[in-house]
Amino acid sequence: MRSSVNERSGPYFRKAPPQAAGENPMTAASNELTSFATSRPVHVGRAHLVVRDLDTMAGFYEKALGMKRLETSESGVELGAGDRVLLTLTTRGDAAPAPRNAAGLFHNAFLMPDRAELAHWLAHAANLGLQFDGASDHLVSEAIYLSDPEGNGIEVYRDRKPEEWTYHADGTVEMDTRRLDLQALYDSAARTPWAGMSPDAALGHIHLQVGNVPEADRFYEGVLGLKKMASYPGASFYASGNYHHHVAANIWNSRNAPARTGAMTGLQDYELAFNDKAVLDGVLATLEGLEIKVGRTARGYYLRDPWGIGLTLVAPAA
């Protein structure tokens, strides 16, 4: 195990300056790390990737990430933690590799329930000889980056307790990119075989490549009602309920990217799950007022963002 891994080039987060005073963002904080991300009024549910080699890709997520295969069909596989689907993989005959500068996925971020579980996964990944793309301490979290066999970005991370985060007067949160001591994390890992992704793991956030950040702000803040928790030249980070971010959007590879085409590999769509029906009703009313096309599916309310990425709004369970 090497003592360090180079971070991805360029800063990932930077401190957001305080602005006007606002309400205490910690009033709704939870003491449970995983549930803080997923108990917010809105959180990420699952992501859907179109892939070229279904067997290879499914095998990677099973072996490298320890995800469970929950359902299999001729054209797709559903993978998850416990009994919850976190990732759907499907294939199609005309799927062509998405260009690196296309709108779509920057990474899916899988949230481990605690630092011990992140360390245990790191030891597993190191024993497999996986190549990491980077590793960082973001103040609110500790994150390790890698890519799947078709180049889709992956983050595996753990959150610090929300009580340890620094919130600014305007409700934004302080984040940064600092060196993560992978050797120390590795040395803290349990010396037992890793049993796979914890049933308490989740898809904590999703990071997108878009064509224009102000347009992303208008969509994720103005339409979907998420709060911008941090910003950096070329990127914005949005969340619900004072989380550090559930969705991020950047133009680092994709400035002025047009809408995706249906035959591209990579991110086809993802879900935002609502724990509060009143919040969902408000978003649906905004969509109707703006005459944004919304369809109904078995999963919920389907629409596309300005770059053709599909998005399903899932209502709370009855």
# chains A, B, ... in the order shown; residues from 1 in each chain; ligands from 1
$ closest_atom_pairs --of "segment 160-200 of chain A" --to "segment 137-147 of chain A" --cutoff "6 Å" --atoms "only C-alpha atoms" --output "JSON lines"
{"residue": "A:Arg160", "atom": "CA", "partner": "A:Ser141", "partner_atom": "CA", "distance": 5.3}
{"residue": "A:Trp165", "atom": "CA", "partner": "A:Val140", "partner_atom": "CA", "distance": 5.6}
{"residue": "A:Met175", "atom": "CA", "partner": "A:His138", "partner_atom": "CA", "distance": 5.4}
{"residue": "A:Asp176", "atom": "CA", "partner": "A:His138", "partner_atom": "CA", "distance": 4.8}
{"residue": "A:Thr177", "atom": "CA", "partner": "A:His138", "partner_atom": "CA", "distance": 4.9}
{"residue": "A:Arg178", "atom": "CA", "partner": "A:Asp137", "partner_atom": "CA", "distance": 4.9}
{"residue": "A:Arg179", "atom": "CA", "partner": "A:Asp137", "partner_atom": "CA", "distance": 5.9}
{"residue": "A:Leu180", "atom": "CA", "partner": "A:Asp137", "partner_atom": "CA", "distance": 5.0}
$ closest_atom_pairs --of "segment 179-261 of chain A" --to "segment 47-68 of chain A" --cutoff "9 Å" --atoms "only C-alpha atoms" --output "Markdown table"
| residue | atom | partner | partner_atom | distance |
| --- | --- | --- | --- | --- |
| A:Trp194 | CA | A:Gly66 | CA | 8.5 |
| A:Ala195 | CA | A:Gly66 | CA | 7.6 |
| A:Gly196 | CA | A:Gly66 | CA | 4.0 |
| A:Met197 | CA | A:Gly66 | CA | 4.7 |
| A:Ser198 | CA | A:Gly66 | CA | 8.4 |
| A:Leu203 | CA | A:Ala47 | CA | 8.2 |
| A:Ile206 | CA | A:Ala47 | CA | 8.3 |
$ closest_residue --among "A:Arg304, A:Arg69, A:Arg218, A:Lys161" --to "Tyr238 of chain A" --atoms "only C-alpha atoms"
A:Arg218
$ select_by_dssp --residues "segment 121-231 of chain A" --states "alpha helix (DSSP H)" --output "ChimeraX atom specification"
/A:121-128,182-187,213-217
$ residues_around --residues "segment 265-275 of chain A" --least-positions-apart "5" --cutoff "8 Å" --atoms "only C-alpha atoms" --output "ChimeraX atom specification"
/A:39-52,95-98,104-105,152,280,309-316
$ write_last_selection --atoms "N, CA, C and O atoms" --output "short mmCIF file (atom, residue, chain, number, x, y, z; two decimals), in the first residue's frame"
data_model
loop_
_atom_site.label_atom_id
_atom_site.label_comp_id
_atom_site.auth_asym_id
_atom_site.auth_seq_id
_atom_site.Cartn_x
_atom_site.Cartn_y
_atom_site.Cartn_z
N SER A 39 -31.83 11.28 4.88
CA SER A 39 -33.06 11.70 5.56
C SER A 39 -33.42 13.15 5.28
O SER A 39 -34.41 13.66 5.80
N ARG A 40 -32.64 13.81 4.44
CA ARG A 40 -32.96 15.19 4.05
C ARG A 40 -34.27 15.20 3.27
O ARG A 40 -34.71 14.16 2.76
N PRO A 41 -34.94 16.34 3.11
CA PRO A 41 -36.18 16.35 2.33
C PRO A 41 -36.03 15.77 0.94
O PRO A 41 -36.96 15.18 0.40
N VAL A 42 -34.83 15.92 0.34
CA VAL A 42 -34.53 15.36 -0.98
C VAL A 42 -33.15 14.70 -0.89
O VAL A 42 -32.25 15.24 -0.24
N HIS A 43 -33.00 13.56 -1.53
CA HIS A 43 -31.68 12.92 -1.59
C HIS A 43 -31.59 12.12 -2.88
O HIS A 43 -32.59 11.90 -3.57
N VAL A 44 -30.39 11.67 -3.20
CA VAL A 44 -30.19 10.87 -4.41
C VAL A 44 -30.62 9.43 -4.13
O VAL A 44 -30.29 8.87 -3.08
N GLY A 45 -31.36 8.84 -5.08
CA GLY A 45 -31.82 7.47 -4.91
C GLY A 45 -30.93 6.47 -5.62
O GLY A 45 -30.19 5.72 -5.01
N ARG A 46 -30.98 6.47 -6.93
CA ARG A 46 -30.17 5.54 -7.72
C ARG A 46 -29.73 6.22 -9.01
O ARG A 46 -30.31 7.22 -9.42
N ALA A 47 -28.72 5.64 -9.66
CA ALA A 47 -28.23 6.13 -10.94
C ALA A 47 -28.33 5.01 -11.97
O ALA A 47 -28.31 3.83 -11.62
N HIS A 48 -28.41 5.40 -13.23
CA HIS A 48 -28.56 4.45 -14.34
C HIS A 48 -27.50 4.74 -15.38
O HIS A 48 -27.47 5.83 -15.96
N LEU A 49 -26.62 3.77 -15.62
CA LEU A 49 -25.58 3.90 -16.63
C LEU A 49 -25.88 2.99 -17.81
O LEU A 49 -26.29 1.84 -17.64
N VAL A 50 -25.67 3.52 -19.02
CA VAL A 50 -25.67 2.69 -20.23
C VAL A 50 -24.24 2.24 -20.47
O VAL A 50 -23.31 3.07 -20.48
N VAL A 51 -24.05 0.94 -20.65
CA VAL A 51 -22.70 0.39 -20.77
C VAL A 51 -22.60 -0.45 -22.04
O VAL A 51 -23.61 -0.87 -22.63
N ARG A 52 -21.38 -0.71 -22.47
CA ARG A 52 -21.16 -1.54 -23.65
C ARG A 52 -21.00 -3.01 -23.30
O ARG A 52 -21.49 -3.88 -24.00
N ALA A 95 -24.97 1.57 -28.57
CA ALA A 95 -24.29 2.43 -27.59
C ALA A 95 -22.87 2.73 -28.04
O ALA A 95 -22.08 1.83 -28.30
N ALA A 96 -22.55 4.02 -28.12
CA ALA A 96 -21.20 4.46 -28.49
C ALA A 96 -20.58 5.18 -27.31
O ALA A 96 -21.28 5.86 -26.56
N PRO A 97 -19.28 5.04 -27.10
CA PRO A 97 -18.64 5.70 -25.95
C PRO A 97 -18.87 7.21 -25.97
O PRO A 97 -18.66 7.87 -26.98
N ALA A 98 -19.30 7.74 -24.85
CA ALA A 98 -19.50 9.18 -24.74
C ALA A 98 -18.15 9.88 -24.75
O ALA A 98 -17.21 9.43 -24.09
N GLY A 104 -22.88 14.79 -18.80
CA GLY A 104 -23.20 13.48 -18.23
C GLY A 104 -22.60 13.32 -16.85
O GLY A 104 -22.66 14.24 -16.02
N LEU A 105 -21.97 12.18 -16.62
CA LEU A 105 -21.47 11.86 -15.28
C LEU A 105 -20.03 12.31 -15.08
O LEU A 105 -19.17 12.05 -15.91
N ASN A 152 -16.37 5.53 -16.28
CA ASN A 152 -17.30 6.28 -15.44
C ASN A 152 -16.66 6.55 -14.08
O ASN A 152 -16.13 5.63 -13.43
N LEU A 280 -42.02 17.91 -2.77
CA LEU A 280 -42.24 17.40 -4.13
C LEU A 280 -43.37 18.15 -4.82
O LEU A 280 -43.24 18.55 -5.98
N ILE A 309 -29.93 14.93 -19.60
CA ILE A 309 -29.77 13.87 -18.59
C ILE A 309 -31.12 13.62 -17.95
O ILE A 309 -31.77 14.55 -17.44
N GLY A 310 -31.56 12.37 -17.95
CA GLY A 310 -32.86 12.05 -17.38
C GLY A 310 -32.86 12.14 -15.87
O GLY A 310 -31.85 11.88 -15.20
N LEU A 311 -34.00 12.52 -15.33
CA LEU A 311 -34.14 12.71 -13.89
C LEU A 311 -35.55 12.30 -13.49
O LEU A 311 -36.53 12.75 -14.07
N THR A 312 -35.65 11.39 -12.52
CA THR A 312 -36.94 10.96 -11.99
C THR A 312 -37.10 11.46 -10.57
O THR A 312 -36.22 11.25 -9.73
N LEU A 313 -38.22 12.12 -10.30
CA LEU A 313 -38.54 12.60 -8.96
C LEU A 313 -39.43 11.53 -8.32
O LEU A 313 -40.52 11.25 -8.81
N VAL A 314 -38.96 10.94 -7.24
CA VAL A 314 -39.64 9.81 -6.62
C VAL A 314 -40.35 10.28 -5.36
O VAL A 314 -39.73 10.90 -4.47
N ALA A 315 -41.65 10.01 -5.28
CA ALA A 315 -42.46 10.42 -4.13
C ALA A 315 -42.16 9.57 -2.91
O ALA A 315 -41.68 8.44 -3.02
N PRO A 316 -42.42 10.09 -1.71
CA PRO A 316 -42.22 9.28 -0.50
C PRO A 316 -43.12 8.05 -0.54
O PRO A 316 -44.20 8.06 -1.13
#
$ atom_distance --atom1 "atom CA of Ala216 of chain A" --atom2 "atom CA of Gly308 of chain A"
12.3 Å
$ atom_distance --atom1 "atom CA of Asp148 of chain A" --atom2 "atom CA of Phe106 of chain A"
11.9 Å
$ select_by_dssp --residues "segment 18-265 of chain A" --states "strand (DSSP E or B)" --output "short mmCIF file (atom, residue, chain, number, x, y, z; two decimals) with N, CA, C and O atoms, in the first residue's frame"
data_model
loop_
_atom_site.label_atom_id
_atom_site.label_comp_id
_atom_site.auth_asym_id
_atom_site.auth_seq_id
_atom_site.Cartn_x
_atom_site.Cartn_y
_atom_site.Cartn_z
N VAL A 42 -34.83 15.92 0.34
CA VAL A 42 -34.53 15.36 -0.98
C VAL A 42 -33.15 14.70 -0.89
O VAL A 42 -32.25 15.24 -0.24
N HIS A 43 -33.00 13.56 -1.53
CA HIS A 43 -31.68 12.92 -1.59
C HIS A 43 -31.59 12.12 -2.88
O HIS A 43 -32.59 11.90 -3.57
N VAL A 44 -30.39 11.67 -3.20
CA VAL A 44 -30.19 10.87 -4.41
C VAL A 44 -30.62 9.43 -4.13
O VAL A 44 -30.29 8.87 -3.08
N GLY A 45 -31.36 8.84 -5.08
CA GLY A 45 -31.82 7.47 -4.91
C GLY A 45 -30.93 6.47 -5.62
O GLY A 45 -30.19 5.72 -5.01
N ARG A 46 -30.98 6.47 -6.93
CA ARG A 46 -30.17 5.54 -7.72
C ARG A 46 -29.73 6.22 -9.01
O ARG A 46 -30.31 7.22 -9.42
N ALA A 47 -28.72 5.64 -9.66
CA ALA A 47 -28.23 6.13 -10.94
C ALA A 47 -28.33 5.01 -11.97
O ALA A 47 -28.31 3.83 -11.62
N HIS A 48 -28.41 5.40 -13.23
CA HIS A 48 -28.56 4.45 -14.34
C HIS A 48 -27.50 4.74 -15.38
O HIS A 48 -27.47 5.83 -15.96
N LEU A 49 -26.62 3.77 -15.62
CA LEU A 49 -25.58 3.90 -16.63
C LEU A 49 -25.88 2.99 -17.81
O LEU A 49 -26.29 1.84 -17.64
N VAL A 50 -25.67 3.52 -19.02
CA VAL A 50 -25.67 2.69 -20.23
C VAL A 50 -24.24 2.24 -20.47
O VAL A 50 -23.31 3.07 -20.48
N VAL A 51 -24.05 0.94 -20.65
CA VAL A 51 -22.70 0.39 -20.77
C VAL A 51 -22.60 -0.45 -22.04
O VAL A 51 -23.61 -0.87 -22.63
N LYS A 68 -24.31 -5.82 -4.30
CA LYS A 68 -25.08 -7.04 -4.51
C LYS A 68 -25.86 -6.95 -5.81
O LYS A 68 -26.43 -5.90 -6.13
N ARG A 69 -25.88 -8.05 -6.55
CA ARG A 69 -26.71 -8.12 -7.76
C ARG A 69 -28.13 -8.46 -7.30
O ARG A 69 -28.40 -9.56 -6.82
N LEU A 70 -29.04 -7.51 -7.45
CA LEU A 70 -30.39 -7.68 -6.94
C LEU A 70 -31.37 -8.16 -8.00
O LEU A 70 -32.39 -8.78 -7.66
N GLU A 71 -31.09 -7.86 -9.26
CA GLU A 71 -31.97 -8.32 -10.34
C GLU A 71 -31.18 -8.33 -11.64
O GLU A 71 -30.35 -7.45 -11.88
N THR A 72 -31.46 -9.33 -12.49
CA THR A 72 -30.75 -9.46 -13.76
C THR A 72 -31.75 -9.76 -14.86
O THR A 72 -32.68 -10.54 -14.68
N GLY A 76 -30.07 -5.80 -18.68
CA GLY A 76 -29.73 -4.96 -17.54
C GLY A 76 -29.49 -5.71 -16.25
O GLY A 76 -29.87 -6.86 -16.09
N VAL A 77 -28.82 -5.00 -15.33
CA VAL A 77 -28.53 -5.52 -14.01
C VAL A 77 -28.79 -4.40 -12.99
O VAL A 77 -28.44 -3.25 -13.22
N GLU A 78 -29.43 -4.76 -11.88
CA GLU A 78 -29.62 -3.82 -10.79
C GLU A 78 -28.72 -4.24 -9.63
O GLU A 78 -28.71 -5.40 -9.22
N LEU A 79 -27.94 -3.28 -9.14
CA LEU A 79 -26.96 -3.52 -8.09
C LEU A 79 -27.26 -2.62 -6.90
O LEU A 79 -27.76 -1.50 -7.07
N GLY A 80 -26.95 -3.11 -5.71
CA GLY A 80 -27.26 -2.28 -4.56
C GLY A 80 -26.57 -2.71 -3.30
O GLY A 80 -25.64 -3.52 -3.30
N ALA A 81 -27.05 -2.15 -2.19
CA ALA A 81 -26.57 -2.46 -0.85
C ALA A 81 -27.77 -2.89 -0.03
O ALA A 81 -28.80 -2.21 -0.04
N ARG A 84 -31.60 -2.38 -1.29
CA ARG A 84 -31.86 -1.13 -1.99
C ARG A 84 -31.01 -1.03 -3.25
O ARG A 84 -29.79 -1.18 -3.19
N VAL A 85 -31.66 -0.75 -4.38
CA VAL A 85 -30.95 -0.55 -5.63
C VAL A 85 -30.26 0.81 -5.61
O VAL A 85 -30.90 1.83 -5.34
N LEU A 86 -28.98 0.83 -5.89
CA LEU A 86 -28.22 2.07 -5.99
C LEU A 86 -27.78 2.36 -7.41
O LEU A 86 -27.56 3.52 -7.77
N LEU A 87 -27.63 1.31 -8.23
CA LEU A 87 -27.08 1.48 -9.57
C LEU A 87 -27.75 0.49 -10.53
O LEU A 87 -27.80 -0.70 -10.25
N THR A 88 -28.25 1.01 -11.64
CA THR A 88 -28.79 0.18 -12.72
C THR A 88 -27.84 0.28 -13.91
O THR A 88 -27.44 1.37 -14.31
N LEU A 89 -27.48 -0.87 -14.46
CA LEU A 89 -26.67 -0.93 -15.68
C LEU A 89 -27.51 -1.55 -16.78
O LEU A 89 -28.12 -2.60 -16.58
N THR A 90 -27.58 -0.89 -17.92
CA THR A 90 -28.24 -1.48 -19.08
C THR A 90 -27.32 -1.34 -20.28
O THR A 90 -26.39 -0.53 -20.29
N THR A 91 -27.61 -2.13 -21.31
CA THR A 91 -26.81 -2.06 -22.52
C THR A 91 -27.73 -1.95 -23.72
O THR A 91 -28.93 -2.27 -23.64
N ALA A 96 -22.55 4.02 -28.12
CA ALA A 96 -21.20 4.46 -28.49
C ALA A 96 -20.58 5.18 -27.31
O ALA A 96 -21.28 5.86 -26.56
N GLY A 104 -22.88 14.79 -18.80
CA GLY A 104 -23.20 13.48 -18.23
C GLY A 104 -22.60 13.32 -16.85
O GLY A 104 -22.66 14.24 -16.02
N LEU A 105 -21.97 12.18 -16.62
CA LEU A 105 -21.47 11.86 -15.28
C LEU A 105 -20.03 12.31 -15.08
O LEU A 105 -19.17 12.05 -15.91
N PHE A 106 -19.77 12.96 -13.95
CA PHE A 106 -18.41 13.17 -13.48
C PHE A 106 -18.06 12.03 -12.52
O PHE A 106 -17.06 11.37 -12.67
N HIS A 107 -18.93 11.80 -11.52
CA HIS A 107 -18.82 10.57 -10.74
C HIS A 107 -20.10 10.28 -9.96
O HIS A 107 -20.85 11.18 -9.60
N ASN A 108 -20.33 9.00 -9.72
CA ASN A 108 -21.29 8.55 -8.71
C ASN A 108 -20.53 8.42 -7.40
O ASN A 108 -19.43 7.87 -7.36
N ALA A 109 -21.11 8.91 -6.31
CA ALA A 109 -20.41 8.93 -5.03
C ALA A 109 -21.13 8.01 -4.04
O ALA A 109 -22.25 8.29 -3.61
N PHE A 110 -20.46 6.92 -3.68
CA PHE A 110 -21.03 5.94 -2.77
C PHE A 110 -20.57 6.24 -1.35
O PHE A 110 -19.37 6.28 -1.07
N LEU A 111 -21.54 6.46 -0.48
CA LEU A 111 -21.30 6.90 0.89
C LEU A 111 -21.25 5.69 1.82
O LEU A 111 -22.22 4.97 1.98
N MET A 112 -20.11 5.49 2.45
CA MET A 112 -19.96 4.46 3.46
C MET A 112 -20.48 4.98 4.81
O MET A 112 -20.41 6.18 5.08
N GLY A 134 -7.41 9.37 -7.28
CA GLY A 134 -7.09 10.42 -6.32
C GLY A 134 -7.69 10.11 -4.97
O GLY A 134 -8.44 9.15 -4.81
N ALA A 135 -7.34 10.94 -3.99
CA ALA A 135 -7.87 10.80 -2.64
C ALA A 135 -7.76 12.15 -1.95
O ALA A 135 -6.72 12.81 -2.06
N SER A 136 -8.82 12.57 -1.26
CA SER A 136 -8.82 13.91 -0.67
C SER A 136 -9.60 13.95 0.64
O SER A 136 -10.56 13.21 0.84
N ASP A 137 -9.16 14.86 1.50
CA ASP A 137 -9.91 15.24 2.70
C ASP A 137 -10.62 16.55 2.36
O ASP A 137 -9.97 17.55 2.08
N SER A 141 -15.78 15.50 4.61
CA SER A 141 -15.74 14.11 4.21
C SER A 141 -14.31 13.70 3.87
O SER A 141 -13.43 14.54 3.70
N GLU A 142 -14.11 12.40 3.74
CA GLU A 142 -12.87 11.83 3.22
C GLU A 142 -13.24 10.97 2.03
O GLU A 142 -14.16 10.14 2.12
N ALA A 143 -12.55 11.15 0.90
CA ALA A 143 -12.99 10.56 -0.36
C ALA A 143 -11.83 9.93 -1.11
O ALA A 143 -10.71 10.43 -1.11
N ILE A 144 -12.16 8.82 -1.77
CA ILE A 144 -11.22 8.11 -2.64
C ILE A 144 -11.87 8.00 -4.01
O ILE A 144 -13.06 7.68 -4.12
N TYR A 145 -11.10 8.25 -5.08
CA TYR A 145 -11.63 8.29 -6.43
C TYR A 145 -11.02 7.19 -7.30
O TYR A 145 -9.84 6.89 -7.20
N LEU A 146 -11.85 6.64 -8.16
CA LEU A 146 -11.41 5.66 -9.14
C LEU A 146 -12.38 5.69 -10.30
O LEU A 146 -13.34 6.47 -10.30
N SER A 147 -12.14 4.86 -11.32
CA SER A 147 -13.02 4.79 -12.48
C SER A 147 -13.36 3.34 -12.77
O SER A 147 -12.57 2.43 -12.48
N GLY A 153 -16.70 7.79 -13.64
CA GLY A 153 -16.07 8.16 -12.39
C GLY A 153 -16.82 7.61 -11.18
O GLY A 153 -18.05 7.52 -11.17
N ILE A 154 -16.06 7.26 -10.16
CA ILE A 154 -16.59 6.73 -8.90
C ILE A 154 -15.90 7.44 -7.75
O ILE A 154 -14.68 7.64 -7.77
N GLU A 155 -16.67 7.83 -6.76
CA GLU A 155 -16.13 8.29 -5.49
C GLU A 155 -16.65 7.34 -4.41
O GLU A 155 -17.83 6.99 -4.40
N VAL A 156 -15.77 6.93 -3.51
CA VAL A 156 -16.16 6.18 -2.32
C VAL A 156 -15.74 7.04 -1.14
O VAL A 156 -14.57 7.43 -1.03
N TYR A 157 -16.67 7.38 -0.25
CA TYR A 157 -16.37 8.37 0.78
C TYR A 157 -17.11 8.08 2.08
O TYR A 157 -18.01 7.25 2.13
N ARG A 158 -16.66 8.80 3.09
CA ARG A 158 -17.39 8.79 4.37
C ARG A 158 -17.56 10.23 4.81
O ARG A 158 -16.70 11.10 4.56
N ASP A 159 -18.64 10.53 5.47
CA ASP A 159 -18.87 11.87 6.00
C ASP A 159 -18.36 11.97 7.43
O ASP A 159 -18.48 11.03 8.22
N TYR A 167 -20.40 25.75 9.13
CA TYR A 167 -21.39 26.44 8.31
C TYR A 167 -21.15 27.94 8.40
O TYR A 167 -20.78 28.47 9.45
N VAL A 173 -21.55 25.75 3.44
CA VAL A 173 -20.67 24.95 4.28
C VAL A 173 -19.24 25.05 3.76
O VAL A 173 -19.01 25.16 2.56
N ARG A 178 -7.77 18.73 0.64
CA ARG A 178 -6.52 18.55 1.34
C ARG A 178 -6.06 17.10 1.14
O ARG A 178 -6.85 16.23 0.80
N ARG A 179 -4.80 16.88 1.38
CA ARG A 179 -4.24 15.54 1.21
C ARG A 179 -4.88 14.58 2.20
O ARG A 179 -4.98 14.86 3.39
N ALA A 202 -25.00 4.11 0.80
CA ALA A 202 -25.98 4.82 -0.04
C ALA A 202 -25.27 5.49 -1.20
O ALA A 202 -24.03 5.60 -1.21
N LEU A 203 -26.04 5.92 -2.18
CA LEU A 203 -25.52 6.81 -3.21
C LEU A 203 -25.66 8.22 -2.64
O LEU A 203 -26.70 8.86 -2.74
N GLY A 204 -24.60 8.68 -1.98
CA GLY A 204 -24.68 9.91 -1.21
C GLY A 204 -24.85 11.15 -2.05
O GLY A 204 -25.57 12.08 -1.67
N HIS A 205 -24.17 11.20 -3.20
CA HIS A 205 -24.36 12.33 -4.11
C HIS A 205 -23.98 11.91 -5.52
O HIS A 205 -23.39 10.85 -5.73
N ILE A 206 -24.33 12.75 -6.46
CA ILE A 206 -23.97 12.54 -7.86
C ILE A 206 -23.37 13.83 -8.38
O ILE A 206 -23.87 14.93 -8.08
N HIS A 207 -22.28 13.70 -9.13
CA HIS A 207 -21.57 14.86 -9.65
C HIS A 207 -21.64 14.80 -11.18
O HIS A 207 -21.23 13.81 -11.78
N LEU A 208 -22.15 15.88 -11.77
CA LEU A 208 -22.45 15.90 -13.20
C LEU A 208 -21.48 16.80 -13.96
O LEU A 208 -20.94 17.77 -13.42
N GLN A 209 -21.30 16.46 -15.22
CA GLN A 209 -20.67 17.36 -16.19
C GLN A 209 -21.79 18.05 -16.96
O GLN A 209 -22.67 17.38 -17.51
N LYS A 227 -30.48 24.04 -2.52
CA LYS A 227 -29.68 25.20 -2.11
C LYS A 227 -28.24 25.03 -2.58
O LYS A 227 -27.68 23.93 -2.47
N LYS A 228 -27.66 26.11 -3.09
CA LYS A 228 -26.24 26.06 -3.43
C LYS A 228 -25.44 26.13 -2.14
O LYS A 228 -25.46 27.14 -1.44
N MET A 229 -24.73 25.05 -1.84
CA MET A 229 -23.98 24.96 -0.59
C MET A 229 -22.54 25.42 -0.74
O MET A 229 -21.88 25.75 0.25
N ALA A 230 -22.01 25.41 -1.96
CA ALA A 230 -20.64 25.85 -2.20
C ALA A 230 -20.50 26.11 -3.69
O ALA A 230 -21.28 25.60 -4.51
N SER A 231 -19.52 26.91 -4.04
CA SER A 231 -19.25 27.18 -5.45
C SER A 231 -17.75 27.37 -5.64
O SER A 231 -17.01 27.66 -4.70
N TYR A 232 -17.33 27.15 -6.88
CA TYR A 232 -15.94 27.33 -7.27
C TYR A 232 -15.96 27.65 -8.74
O TYR A 232 -16.90 27.27 -9.44
N ALA A 235 -17.90 25.32 -11.15
CA ALA A 235 -18.65 24.27 -10.46
C ALA A 235 -19.56 24.86 -9.39
O ALA A 235 -19.23 25.87 -8.75
N SER A 236 -20.70 24.20 -9.19
CA SER A 236 -21.62 24.51 -8.10
C SER A 236 -22.03 23.22 -7.42
O SER A 236 -22.08 22.16 -8.06
N PHE A 237 -22.36 23.34 -6.12
CA PHE A 237 -22.70 22.17 -5.30
C PHE A 237 -24.03 22.44 -4.60
O PHE A 237 -24.15 23.43 -3.86
N TYR A 238 -25.01 21.57 -4.80
CA TYR A 238 -26.37 21.81 -4.34
C TYR A 238 -26.80 20.71 -3.38
O TYR A 238 -26.39 19.55 -3.50
N ALA A 239 -27.69 21.09 -2.44
CA ALA A 239 -28.16 20.09 -1.48
C ALA A 239 -29.52 20.47 -0.92
O ALA A 239 -30.00 21.59 -1.08
N VAL A 247 -26.09 17.01 -5.21
CA VAL A 247 -25.81 17.11 -6.65
C VAL A 247 -24.74 18.17 -6.85
O VAL A 247 -24.77 19.23 -6.21
N ALA A 248 -23.78 17.89 -7.71
CA ALA A 248 -22.80 18.90 -8.12
C ALA A 248 -22.80 18.97 -9.64
O ALA A 248 -23.16 18.00 -10.32
N ALA A 249 -22.41 20.12 -10.17
CA ALA A 249 -22.35 20.31 -11.62
C ALA A 249 -21.10 21.11 -11.95
O ALA A 249 -20.85 22.15 -11.34
N ASN A 250 -20.31 20.61 -12.90
CA ASN A 250 -19.11 21.35 -13.30
C ASN A 250 -18.95 21.37 -14.81
O ASN A 250 -19.57 20.58 -15.53
N MET A 264 -25.48 7.44 -26.36
CA MET A 264 -24.23 7.58 -25.62
C MET A 264 -24.17 6.61 -24.44
O MET A 264 -25.17 6.37 -23.77
#
$ decode --residues "segment 136-164 of chain A" --atoms "C-alpha atoms" --output "tab-separated table (two decimals), in the first residue's frame"
chain	number	residue	atom	x	y	z
A	136	SER	CA	-8.82	13.91	-0.67
A	137	ASP	CA	-9.91	15.24	2.70
A	138	HIS	CA	-12.73	17.71	1.99
A	139	LEU	CA	-13.23	18.77	5.65
A	140	VAL	CA	-16.80	17.48	5.61
A	141	SER	CA	-15.74	14.11	4.21
A	142	GLU	CA	-12.87	11.83	3.22
A	143	ALA	CA	-12.99	10.56	-0.36
A	144	ILE	CA	-11.22	8.11	-2.64
A	145	TYR	CA	-11.63	8.29	-6.43
A	146	LEU	CA	-11.41	5.66	-9.14
A	147	SER	CA	-13.02	4.79	-12.48
A	148	ASP	CA	-14.91	1.76	-13.72
A	149	PRO	CA	-13.73	-0.21	-16.80
A	150	GLU	CA	-15.64	2.09	-19.17
A	151	GLY	CA	-14.35	5.30	-17.64
A	152	ASN	CA	-17.30	6.28	-15.44
A	153	GLY	CA	-16.07	8.16	-12.39
A	154	ILE	CA	-16.59	6.73	-8.90
A	155	GLU	CA	-16.13	8.29	-5.49
A	156	VAL	CA	-16.16	6.18	-2.32
A	157	TYR	CA	-16.37	8.37	0.78
A	158	ARG	CA	-17.39	8.79	4.37
A	159	ASP	CA	-18.87	11.87	6.00
A	160	ARG	CA	-17.61	13.45	9.16
A	161	LYS	CA	-20.37	14.17	11.65
A	162	PRO	CA	-22.40	17.24	10.61
A	163	GLU	CA	-21.61	18.73	14.03
A	164	GLU	CA	-17.97	18.87	12.89
